[in-house]
Amino acid sequence: MSTGTTAAGGAVPALRMTDVSKQYGRGPGAVRALDSVSLRVARGSFVAVMGPSGSGKSTLLQCAAGLDEASSGTVHIGQVAVTGLDESQRAMLRRDRVGFVFQSYNLLAGLTAYQNIEVPVRLAGQRANPELVRELSERVGVSALLRRRPHEMSGGQQQRVALARALVTEPEIVFGDEPTGALDTGSARQVLALMRELTHRDQRTIVMVTHDPVAAAHADRVLFLADGRIVDEETTPTVDVVLRHMARLEASGC
Ligand SMILES: Nc1ncnc2c1ncn2[C@@H]1O[C@H](COP(=O)(O)OP(=O)(O)OP(=O)(O)O)[C@@H](O)[C@H]1O
């Protein structure tokens, strides 16, 4: 893992994007979904990305996570330059260094919670260390549920299993796409509190796209996108502050 330091002696950020642009299509119909985006995400931080519909949030996540290729600019996950990797190298990077949590949990219905947590390690042709699975499931509060299948768990419990699965490879960074979007208010708050704890206490790193100001207010930092650019940033987010930023963006027609 790249937990090292830079040549200048500073800590290597978990994610570094420099001047990243992404264009879909060519000619008059081309869409510039990301326009010279630069950002750094420090290890152990919890970052939310917000912005109006079509502002480029999903594209940012996909380029950052190596799911899609930037048209220009550079992306580093830890010390690995994602830009420049071919598709199979990117797939390996995603498998080994990146965790994902989705709105719909995406657990495999036929597998138990334990087996679901193990999936990323199995995909790499290995068995998960049972100690690590136990430790992670304890950490996310599902250790009593490890023999259950997804349909025997609540949405919040399934998302906790999905978080453990995202962490089982000890990734550099976890990306979330509306990770609490399908949860009721109470479960969402519990999962958000857990995500905050995982970053602050365990030095995990999470970047999450969300439309929900309550979710964003749990992050350390909120980046606001409009028309493919980072136009604003908030480092002491509360629900009211986030709502004010969003209202400003909507009012300016972004
Ligand atoms: N595969 C694609 N081909 C062409 N245009 C695309 C493609 N994917 C996204 N876009 C365009 O790029 C822009 C940014 O889209 P993106 O999905 O990143 O926005 P978003 O902020 O995630 O939106 P939402 O909140 O509605 O999910 C939009 O104008 C969208 O129409």
# chains A, B, ... in the order shown; residues from 1 in each chain; ligands from 1

$ residues_near_ligand --ligand "ligand 1" --cutoff "7 Å" --atoms "only C-alpha atoms and all ligand atoms" --output "PyMOL selection string"
chain A and resi 24-25+31-33+51-60+228

$ select_by_dssp --residues "region 42-218 of chain A" --states "helix (DSSP H, G or I)" --output "JSON, numbers by chain"
{"A": [57, 58, 59, 60, 61, 62, 63, 64, 87, 88, 89, 90, 91, 92, 93, 94, 95, 96, 97, 113, 114, 115, 116, 117, 118, 119, 120, 121, 122, 123, 130, 131, 132, 133, 134, 135, 136, 137, 138, 139, 140, 143, 144, 145, 150, 151, 152, 155, 156, 157, 158, 159, 160, 161, 162, 163, 164, 165, 166, 167, 185, 186, 187, 188, 189, 190, 191, 192, 193, 194, 195, 196, 197, 198, 199, 200, 213, 214, 215, 216]}

$ closest_atom_pairs --of "region 4-43 of chain A" --to "region 170-175 of chain A" --cutoff "9 Å" --atoms "only C-alpha atoms" --output "Markdown table"
| residue | atom | partner | partner_atom | distance |
| --- | --- | --- | --- | --- |
| A:Ala14 | CA | A:Glu172 | CA | 6.0 |
| A:Leu15 | CA | A:Ile173 | CA | 7.6 |
| A:Arg43 | CA | A:Glu172 | CA | 8.1 |

$ closest_residue --among "A:Leu67, A:Val214, A:Ala113, A:Leu146" --to "Glu87 (chain A)" --atoms "only C-alpha atoms"
A:Leu67

$ closest_residue --among "A:Val121, A:Ser72, A:Arg127, A:Arg148" --to "Leu167 (chain A)" --atoms "only C-alpha atoms"
A:Val121

$ select_by_dssp --residues "region 203-247 of chain A" --states "strand (DSSP E or B)" --output "ChimeraX atom specification"
/A:206-209,221-226,229-234

$ atom_distance --atom1 "CA of Arg16 (chain A)" --atom2 "CA of Leu194 (chain A)"
24.5 Å

$ residues_around --residues "Glu152 (chain A)" --least-positions-apart "5" --cutoff "12 Å" --atoms "only C-alpha atoms" --output "count of residues only"
10

$ closest_atom_pairs --of "region 161-225 of chain A" --to "region 94-102 of chain A" --cutoff "10 Å" --atoms "only C-alpha atoms" --output "Markdown table"
| residue | atom | partner | partner_atom | distance |
| --- | --- | --- | --- | --- |
| A:Val161 | CA | A:Val101 | CA | 9.9 |
| A:Ala162 | CA | A:Val101 | CA | 6.3 |
| A:Leu163 | CA | A:Val101 | CA | 6.4 |
| A:Ala164 | CA | A:Gly99 | CA | 9.5 |
| A:Arg165 | CA | A:Gly99 | CA | 7.8 |
| A:Ala166 | CA | A:Gly99 | CA | 4.3 |
| A:Leu167 | CA | A:Gly99 | CA | 6.2 |
| A:Val168 | CA | A:Gly99 | CA | 8.4 |
| A:Thr169 | CA | A:Asp96 | CA | 6.2 |
| A:Glu170 | CA | A:Arg97 | CA | 7.3 |
| A:Pro171 | CA | A:Arg97 | CA | 4.2 |
| A:Glu172 | CA | A:Arg97 | CA | 5.2 |
| A:Ile173 | CA | A:Val98 | CA | 5.3 |
| A:Val174 | CA | A:Gly99 | CA | 4.3 |
| A:Phe175 | CA | A:Phe100 | CA | 5.0 |
| A:Gly176 | CA | A:Val101 | CA | 4.6 |
| A:Asp177 | CA | A:Phe102 | CA | 5.0 |
| A:Glu178 | CA | A:Phe102 | CA | 6.4 |
| A:Pro179 | CA | A:Phe102 | CA | 5.1 |
| A:Thr180 | CA | A:Phe102 | CA | 8.4 |
| A:Gly181 | CA | A:Phe102 | CA | 8.8 |
| A:Ala182 | CA | A:Phe102 | CA | 9.5 |
| A:Thr205 | CA | A:Gly99 | CA | 9.9 |
| A:Ile206 | CA | A:Gly99 | CA | 9.0 |
| A:Val207 | CA | A:Phe100 | CA | 9.8 |
| A:Met208 | CA | A:Val101 | CA | 8.8 |
| A:Val209 | CA | A:Phe102 | CA | 10.0 |

$ write_last_selection --atoms "N, CA and C atoms" --output "PDB file, in the first residue's frame"
ATOM      1  N   VAL A 161     -22.797  -4.464   5.682  1.00  0.00           N
ATOM      2  CA  VAL A 161     -22.062  -5.593   5.082  1.00  0.00           C
ATOM      3  C   VAL A 161     -21.315  -5.090   3.841  1.00  0.00           C
ATOM      4  N   ALA A 162     -22.000  -4.249   3.058  1.00  0.00           N
ATOM      5  CA  ALA A 162     -21.358  -3.719   1.847  1.00  0.00           C
ATOM      6  C   ALA A 162     -20.128  -2.871   2.208  1.00  0.00           C
ATOM      7  N   LEU A 163     -20.206  -2.164   3.338  1.00  0.00           N
ATOM      8  CA  LEU A 163     -19.046  -1.368   3.781  1.00  0.00           C
ATOM      9  C   LEU A 163     -17.886  -2.286   4.169  1.00  0.00           C
ATOM     10  N   ALA A 164     -18.217  -3.368   4.881  1.00  0.00           N
ATOM     11  CA  ALA A 164     -17.162  -4.324   5.255  1.00  0.00           C
ATOM     12  C   ALA A 164     -16.551  -4.923   3.988  1.00  0.00           C
ATOM     13  N   ARG A 165     -17.404  -5.232   3.004  1.00  0.00           N
ATOM     14  CA  ARG A 165     -16.906  -5.791   1.736  1.00  0.00           C
ATOM     15  C   ARG A 165     -15.981  -4.778   1.042  1.00  0.00           C
ATOM     16  N   ALA A 166     -16.361  -3.490   1.106  1.00  0.00           N
ATOM     17  CA  ALA A 166     -15.537  -2.465   0.458  1.00  0.00           C
ATOM     18  C   ALA A 166     -14.177  -2.335   1.133  1.00  0.00           C
ATOM     19  N   LEU A 167     -14.105  -2.727   2.413  1.00  0.00           N
ATOM     20  CA  LEU A 167     -12.866  -2.517   3.173  1.00  0.00           C
ATOM     21  C   LEU A 167     -11.984  -3.760   3.242  1.00  0.00           C
ATOM     22  N   VAL A 168     -12.494  -4.907   2.752  1.00  0.00           N
ATOM     23  CA  VAL A 168     -11.807  -6.174   3.008  1.00  0.00           C
ATOM     24  C   VAL A 168     -10.444  -6.283   2.315  1.00  0.00           C
ATOM     25  N   THR A 169     -10.265  -5.525   1.242  1.00  0.00           N
ATOM     26  CA  THR A 169      -8.953  -5.556   0.588  1.00  0.00           C
ATOM     27  C   THR A 169      -8.032  -4.478   1.168  1.00  0.00           C
ATOM     28  N   GLU A 170      -8.493  -3.803   2.240  1.00  0.00           N
ATOM     29  CA  GLU A 170      -7.744  -2.696   2.838  1.00  0.00           C
ATOM     30  C   GLU A 170      -7.373  -1.683   1.766  1.00  0.00           C
ATOM     31  N   PRO A 171      -8.406  -1.148   1.074  1.00  0.00           N
ATOM     32  CA  PRO A 171      -8.133  -0.282  -0.071  1.00  0.00           C
ATOM     33  C   PRO A 171      -7.597   1.078   0.356  1.00  0.00           C
ATOM     34  N   GLU A 172      -6.990   1.730  -0.620  1.00  0.00           N
ATOM     35  CA  GLU A 172      -6.489   3.095  -0.415  1.00  0.00           C
ATOM     36  C   GLU A 172      -7.657   4.048  -0.166  1.00  0.00           C
ATOM     37  N   ILE A 173      -8.769   3.777  -0.856  1.00  0.00           N
ATOM     38  CA  ILE A 173      -9.899   4.721  -0.832  1.00  0.00           C
ATOM     39  C   ILE A 173     -11.195   3.970  -1.138  1.00  0.00           C
ATOM     40  N   VAL A 174     -12.291   4.431  -0.530  1.00  0.00           N
ATOM     41  CA  VAL A 174     -13.616   3.860  -0.820  1.00  0.00           C
ATOM     42  C   VAL A 174     -14.460   4.947  -1.487  1.00  0.00           C
ATOM     43  N   PHE A 175     -15.088   4.605  -2.610  1.00  0.00           N
ATOM     44  CA  PHE A 175     -15.985   5.538  -3.286  1.00  0.00           C
ATOM     45  C   PHE A 175     -17.419   5.107  -3.045  1.00  0.00           C
ATOM     46  N   GLY A 176     -18.257   6.072  -2.708  1.00  0.00           N
ATOM     47  CA  GLY A 176     -19.674   5.781  -2.474  1.00  0.00           C
ATOM     48  C   GLY A 176     -20.530   6.571  -3.442  1.00  0.00           C
ATOM     49  N   ASP A 177     -21.499   5.888  -4.057  1.00  0.00           N
ATOM     50  CA  ASP A 177     -22.448   6.571  -4.933  1.00  0.00           C
ATOM     51  C   ASP A 177     -23.795   6.542  -4.242  1.00  0.00           C
ATOM     52  N   GLU A 178     -24.191   7.646  -3.645  1.00  0.00           N
ATOM     53  CA  GLU A 178     -25.435   7.736  -2.863  1.00  0.00           C
ATOM     54  C   GLU A 178     -25.559   6.560  -1.899  1.00  0.00           C
ATOM     55  N   PRO A 179     -24.558   6.315  -1.059  1.00  0.00           N
ATOM     56  CA  PRO A 179     -24.580   5.088  -0.257  1.00  0.00           C
ATOM     57  C   PRO A 179     -25.736   4.998   0.732  1.00  0.00           C
ATOM     58  N   THR A 180     -26.364   6.134   1.052  1.00  0.00           N
ATOM     59  CA  THR A 180     -27.489   6.057   1.994  1.00  0.00           C
ATOM     60  C   THR A 180     -28.810   6.390   1.302  1.00  0.00           C
ATOM     61  N   GLY A 181     -28.769   6.464  -0.033  1.00  0.00           N
ATOM     62  CA  GLY A 181     -29.948   6.891  -0.793  1.00  0.00           C
ATOM     63  C   GLY A 181     -31.155   5.983  -0.641  1.00  0.00           C
ATOM     64  N   ALA A 182     -30.929   4.698  -0.334  1.00  0.00           N
ATOM     65  CA  ALA A 182     -32.073   3.765  -0.257  1.00  0.00           C
ATOM     66  C   ALA A 182     -32.477   3.484   1.190  1.00  0.00           C
ATOM     67  N   THR A 205     -10.397   6.223   4.006  1.00  0.00           N
ATOM     68  CA  THR A 205     -10.679   7.424   3.223  1.00  0.00           C
ATOM     69  C   THR A 205     -11.932   7.170   2.396  1.00  0.00           C
ATOM     70  N   ILE A 206     -12.891   8.076   2.473  1.00  0.00           N
ATOM     71  CA  ILE A 206     -14.149   7.869   1.746  1.00  0.00           C
ATOM     72  C   ILE A 206     -14.505   9.120   0.945  1.00  0.00           C
ATOM     73  N   VAL A 207     -14.837   8.915  -0.321  1.00  0.00           N
ATOM     74  CA  VAL A 207     -15.370   9.990  -1.171  1.00  0.00           C
ATOM     75  C   VAL A 207     -16.750   9.543  -1.624  1.00  0.00           C
ATOM     76  N   MET A 208     -17.749  10.361  -1.338  1.00  0.00           N
ATOM     77  CA  MET A 208     -19.123   9.944  -1.622  1.00  0.00           C
ATOM     78  C   MET A 208     -19.856  11.011  -2.410  1.00  0.00           C
ATOM     79  N   VAL A 209     -20.544  10.579  -3.459  1.00  0.00           N
ATOM     80  CA  VAL A 209     -21.436  11.469  -4.198  1.00  0.00           C
ATOM     81  C   VAL A 209     -22.806  11.391  -3.547  1.00  0.00           C
TER      82      VAL A 209
END

$ residues_around --residues "Glu233 (chain A)" --least-positions-apart "6" --cutoff "7 Å" --atoms "only C-alpha atoms" --output "list in words"
Val222, Leu223 and Phe224 of chain A

$ atom_distance --atom1 "CA of Ala65 (chain A)" --atom2 "CA of Pro28 (chain A)"
28.4 Å
